[in-house]
2 protein chains.
Amino acid sequence: MQKEITIYDIAKQLELSPATVSRALNDHPAINQNTKTLVANKAMEMGYRSNMFASNLRRQRTKTIGVIVPRLDSAFMSTVLSGMEKVANESSYNLIISQSLESVTKEIANAKTMFDSRVDGLLVSLASDTDNLDHFNTFFRKGIPLILFDRVIAQKNCINIVIDNQKAGYDATIHLINQGCKRILHVTGSLKRNVYADRLRGYKLALLEHGLTGGAELERSTNLTRQDGLDLVNYIKSMAIPPDGLFIASDFCAATCITALKQSGFSVPTDIAVVGFNDDPVSLVIDPGLTTIHYPGQEMGEIAAQSLINHLNGLLRLSTTNTILLNHELVVRGSSQRVVSQSTLP
Amino acid sequence: MQKEITIYDIAKQLELSPATVSRALNDHPAINQNTKTLVANKAMEMGYRSNMFASNLRRQRTKTIGVIVPRLDSAFMSTVLSGMEKVANESSYNLIISQSLESVTKEIANAKTMFDSRVDGLLVSLASDTDNLDHFNTFFRKGIPLILFDRVIAQKNCINIVIDNQKAGYDATIHLINQGCKRILHVTGSLKRNVYADRLRGYKLALLEHGLTGGAELERSTNLTRQDGLDLVNYIKSMAIPPDGLFIASDFCAATCITALKQSGFSVPTDIAVVGFNDDPVSLVIDPGLTTIHYPGQEMGEIAAQSLINHLNGLLRLSTTNTILLNHELVVRGSSQRVVSQSTLP
DNA sequence: TTGTATGCGTTATCAA
DNA sequence: TTGATAACGCATACAA
């Protein structure tokens with residue numbers, strides 16, 4: 001447990017002032033090049049490490065970004081986080097990550113912790129029951145940038161990074177219609193959240209455009225869990241006229257549902273064609289392969305982190321950009337392909 | 001962007017000394033209860049938040065735990081992280097998370113960042129090509145606790161948290177043997193890593209005990225990716241005598257392999273029985289359901305974080321405990337069940 | 001039970 | 001190009 005080396009120690013050994021050492025270490029333009037290398041070498045030799053607290057205390061910034069997500073243990077979110085970590089790391093920002101577990105109460109507590117940790121900026125995807133952004137007012141008041149991604153609420157002074165969920169929902173539904181589906185059941189999550197409300201809107205629009213029937217019986221709002229996937233089959237069996245198409249807003253839920261459908265004697269895609277959402281790894285494993293909307297998670301994480309860092313460096317003004325829209329893509333696999341006889345299973 | 005409130009501001013308003021305010025805020029025993037509530041209320045009223053940097057600078061600790069994992073975007077790792085976050089949050093520790101992307105070079109860089117961030121302790125799962133713990137020497141020297149989990153290297157002064165991978169490998173293999181398999185192919189990852197080396201050892205032991213043939217032809221070291229799962233089928237088709245059992249050290253790889261096997265006309269489990277590892281969500285979705293070793297990820301994360309925090313609080317001495325072994329469990333599903341006719345698919 | 005005084009390690013301002 | 005000095009906000013040893 002050796003003593004910690006400070007710039008004073010370096011200064012003493014080099015017969016310089018601490019101020020000069022500090023400037024040399026920070027590559028200050030007004031410092032002689034020779035002095036810089038001298039200091040750098042000495043620092044290395046003595047095993048110096050800068051004290052970020054002292055530095056942060058002085059500079060009033062932390063080089064830390066806070067991240068609040070609904071759940072850490074989701075395939076989609078882990079790709080997003082992976083992208084964020086990559087970008088943050090490259091710009092030598094640290095990431096403090098916490099999860100709301102889909103509860104606004106915990107989200108509020110997490111926001112407070114982040115505030116007390118004095119993060120330079122915040123990246124947030126909202127819990128399923130969050131109604132407003134009041135708990136981030138402390139951030140807004142202090143001018144700490146907040147970027148919402150995936151699950152967002154539109155608000156001034158706050159970038160949203162999303163895909164066009166309505167268009168994605170529309171694309172998915174149109175695809176089913178093109179495969180000959182006439183009666184399409186849509187299963188979605190909490191309609192408080194843009195991601196689900198927008199997909200539903202897209203679905204309805206597509207039906208409307210093609211003069212197809214929708215209505216309450218064909219719209220199910222669930223938690224999109226494994227169990228919901230299984231329950232769905234019972235619901236389908238209970239229907240007077242079962243659907244011939246299924247658009248489920250989560251791949252994992254869709255995959256369990258397909259498994260259960262097959263066990264109940266339904267044939268996929270012949271009896272019921274299925275489209276999921278997210279392009280979760282599971283969609284490649286299920287048989288038949290799951291048609292889905294590819295969601296660029298890694299990219300979304302990278303762009304969110306990069307936008308925040310750019311803003312912090314004054315390279316991007318939040319007020320000029322308000323929403324960043326990422327491209328999604330329909331990935332057609334076996335679970336929905338009726339027109340072409342041979343599936344494109346991987 | 002209002003001015004930041006400090007304990008001095010509170011002290012002035014209350015006509016107390018900053019020291020008293022500081023102590024009151026920290027619930028110091030020597031402070032009058034009335035004073036405490038007085039200070040607490042005033043702090044709340046004025047919108048005070050403590051400055052962690054000033055505090056850390058004084059106390060020489062950070063209330064921050066560093067986490068280095070191979071990949072963020074894995075189902076298993078995200079459950080581990082979820083457990084860690086839960087425990088850390090409850091004890092008001094922050095988590096700084098970074099990924100090595102399976103590269104020892106990046107792991108070294110991450111370790112340095114963590115060191116400079118002055119984390120109070122470190123939770124690490126090693127990259128696939130890490131040979132030793134030299135890059136953590138700076139931590140050892142300063143007495144900063146390091147806990148390795150899942151992918152570990154045994155070392156003095158450093159807790160390992162693992163499951164008994166050898167026993168798990170043994171259990172998986174024995175199960176296949178009990179299902180009548182005589183020729184079992186084992187597919188695993190980098191043998192530098194305990195998790196894979198131990199599983200292989202367990203596999204070999206089980207074969208040995210039952211007088212079954214093993215050998216190089218039946219041991220494949222891969223990266224356990226999706227592609228490896230697909231390639232495996234080609235390998236199997238190229239074998240003079242194909243295996244009748246498959247023990248794959250990763251569920252996702254096993255699942256893709258099953259899909260490919262079925263497409264190549266193999267029947268699972270009749271022709272080839274398959275056992276995976278991890279109890280990844282995918283194992284419930286694949287048809288037939290994947291027999292696997294349940295790996296307690298969430299629990300591992302919780303225990304790792306809790307052990308570290310206990311140590312930091314002086315409640316647990318690292319030297320007394322060296323390895324914490326978590327229970328695994330064989331979960332039997334359809335992919336391996338030959339003896340019982342009806343599968344236990346969910 | 002409370003107050004005084006000091007230092008934690010940096011960086012920014014001003015001066016040289 | 002470098003140096004002296006004063007904060008940054010807090011927690012503690014010592015005094016009272």
# chains A, B, ... in the order shown; residues from 1 in each chain; ligands from 1

call {"tool": "residues_around", "arguments": {"residues": "A:Val67", "least_positions_apart": "4", "cutoff": "9 Å", "atoms": "only C-alpha atoms (C1' of nucleotides)", "output": "list in words"}}
result
Leu81, Leu95, Ile96, Ile97, Ser98, Gln99, Met114, Gly121, Leu122, Leu123, Val124 and Ser125 of chain A

call {"tool": "interface_residues", "arguments": {"of": "chain C", "to": "chain B", "cutoff": "7 Å", "atoms": "only C-alpha atoms (C1' of nucleotides)", "output": "PyMOL selection string"}}
result
chain C and resi 1-3+8

call {"tool": "write_last_selection", "arguments": {"atoms": "N, CA and C atoms (P, O5', C5', C4', C3', O3' and C1' of nucleotides)", "output": "PDB file, in the first residue's frame"}}
result
ATOM      1  P    DT C   1     -25.649  14.499  22.709  1.00  0.00           P
ATOM      2  O5'  DT C   1     -25.129  15.852  22.040  1.00  0.00           O
ATOM      3  C5'  DT C   1     -25.830  17.034  22.285  1.00  0.00           C
ATOM      4  C4'  DT C   1     -24.927  18.171  21.939  1.00  0.00           C
ATOM      5  C3'  DT C   1     -24.758  18.414  20.433  1.00  0.00           C
ATOM      6  O3'  DT C   1     -25.512  19.573  20.119  1.00  0.00           O
ATOM      7  C1'  DT C   1     -22.715  18.692  21.652  1.00  0.00           C
ATOM      8  P    DT C   2     -25.572  20.155  18.667  1.00  0.00           P
ATOM      9  O5'  DT C   2     -24.198  20.919  18.565  1.00  0.00           O
ATOM     10  C5'  DT C   2     -24.131  22.269  18.982  1.00  0.00           C
ATOM     11  C4'  DT C   2     -22.714  22.772  18.858  1.00  0.00           C
ATOM     12  C3'  DT C   2     -22.286  23.153  17.449  1.00  0.00           C
ATOM     13  O3'  DT C   2     -22.268  24.570  17.383  1.00  0.00           O
ATOM     14  C1'  DT C   2     -20.542  22.093  18.673  1.00  0.00           C
ATOM     15  P    DG C   3     -21.818  25.249  16.011  1.00  0.00           P
ATOM     16  O5'  DG C   3     -20.265  25.494  16.255  1.00  0.00           O
ATOM     17  C5'  DG C   3     -19.860  26.273  17.372  1.00  0.00           C
ATOM     18  C4'  DG C   3     -18.360  26.491  17.348  1.00  0.00           C
ATOM     19  C3'  DG C   3     -17.812  27.024  16.013  1.00  0.00           C
ATOM     20  O3'  DG C   3     -16.829  28.007  16.299  1.00  0.00           O
ATOM     21  C1'  DG C   3     -16.730  24.988  16.566  1.00  0.00           C
ATOM     22  P    DC C   8      -2.479  16.854   2.445  1.00  0.00           P
ATOM     23  O5'  DC C   8      -3.427  15.965   1.542  1.00  0.00           O
ATOM     24  C5'  DC C   8      -4.322  14.998   2.086  1.00  0.00           C
ATOM     25  C4'  DC C   8      -5.482  14.859   1.144  1.00  0.00           C
ATOM     26  C3'  DC C   8      -5.115  15.113  -0.318  1.00  0.00           C
ATOM     27  O3'  DC C   8      -4.767  13.885  -0.934  1.00  0.00           O
ATOM     28  C1'  DC C   8      -7.219  16.134   0.299  1.00  0.00           C
TER      29       DC C   8
END

call {"tool": "residues_around", "arguments": {"residues": "stretch 134-144 of chain B", "least_positions_apart": "6", "cutoff": "12 Å", "atoms": "only C-alpha atoms (C1' of nucleotides)", "output": "ChimeraX atom specification"}}
result
/A:1-4,47-49 /B:61-62,64-66,68,104-124,126,153,155-158,308-309,311-312,318-319

call {"tool": "interface_residues", "arguments": {"of": "chain D", "to": "chain B", "cutoff": "10 Å", "atoms": "only C-alpha atoms (C1' of nucleotides)", "output": "PDB file with N, CA and C atoms (P, O5', C5', C4', C3', O3' and C1' of nucleotides), in the first residue's frame"}}
result
ATOM      1  P    DC D   8     -14.649  28.658  -4.190  1.00  0.00           P
ATOM      2  O5'  DC D   8     -14.820  27.160  -4.701  1.00  0.00           O
ATOM      3  C5'  DC D   8     -14.648  26.782  -6.044  1.00  0.00           C
ATOM      4  C4'  DC D   8     -14.540  25.280  -6.105  1.00  0.00           C
ATOM      5  C3'  DC D   8     -15.302  24.567  -5.002  1.00  0.00           C
ATOM      6  O3'  DC D   8     -16.586  24.225  -5.494  1.00  0.00           O
ATOM      7  C1'  DC D   8     -13.128  23.591  -5.391  1.00  0.00           C
ATOM      8  P    DG D   9     -17.891  24.662  -4.686  1.00  0.00           P
ATOM      9  O5'  DG D   9     -17.942  23.544  -3.553  1.00  0.00           O
ATOM     10  C5'  DG D   9     -18.194  22.208  -3.938  1.00  0.00           C
ATOM     11  C4'  DG D   9     -17.919  21.318  -2.764  1.00  0.00           C
ATOM     12  C3'  DG D   9     -18.733  21.640  -1.513  1.00  0.00           C
ATOM     13  O3'  DG D   9     -19.463  20.473  -1.210  1.00  0.00           O
ATOM     14  C1'  DG D   9     -16.450  21.307  -0.997  1.00  0.00           C
ATOM     15  P    DC D  10     -20.252  20.245   0.094  1.00  0.00           P
ATOM     16  O5'  DC D  10     -19.181  19.380   0.882  1.00  0.00           O
ATOM     17  C5'  DC D  10     -18.855  18.098   0.345  1.00  0.00           C
ATOM     18  C4'  DC D  10     -17.706  17.506   1.105  1.00  0.00           C
ATOM     19  C3'  DC D  10     -18.035  17.127   2.543  1.00  0.00           C
ATOM     20  O3'  DC D  10     -18.032  15.715   2.606  1.00  0.00           O
ATOM     21  C1'  DC D  10     -15.917  18.234   2.359  1.00  0.00           C
ATOM     22  P    DA D  11     -18.591  14.962   3.859  1.00  0.00           P
ATOM     23  O5'  DA D  11     -17.262  14.781   4.723  1.00  0.00           O
ATOM     24  C5'  DA D  11     -16.268  13.914   4.217  1.00  0.00           C
ATOM     25  C4'  DA D  11     -15.092  13.879   5.156  1.00  0.00           C
ATOM     26  C3'  DA D  11     -15.411  13.418   6.578  1.00  0.00           C
ATOM     27  O3'  DA D  11     -14.276  12.695   6.995  1.00  0.00           O
ATOM     28  C1'  DA D  11     -14.478  15.559   6.670  1.00  0.00           C
ATOM     29  P    DT D  12     -14.452  11.575   8.103  1.00  0.00           P
ATOM     30  O5'  DT D  12     -13.387  12.082   9.189  1.00  0.00           O
ATOM     31  C5'  DT D  12     -12.013  12.050   8.863  1.00  0.00           C
ATOM     32  C4'  DT D  12     -11.303  13.097   9.660  1.00  0.00           C
ATOM     33  C3'  DT D  12     -11.391  12.889  11.181  1.00  0.00           C
ATOM     34  O3'  DT D  12     -10.081  12.738  11.668  1.00  0.00           O
ATOM     35  C1'  DT D  12     -11.731  15.146  10.573  1.00  0.00           C
TER      36       DT D  12
END

call {"tool": "atom_distance", "arguments": {"atom1": "atom CA of B:Thr79", "atom2": "atom CA of A:Leu72"}}
result
7.1 Å
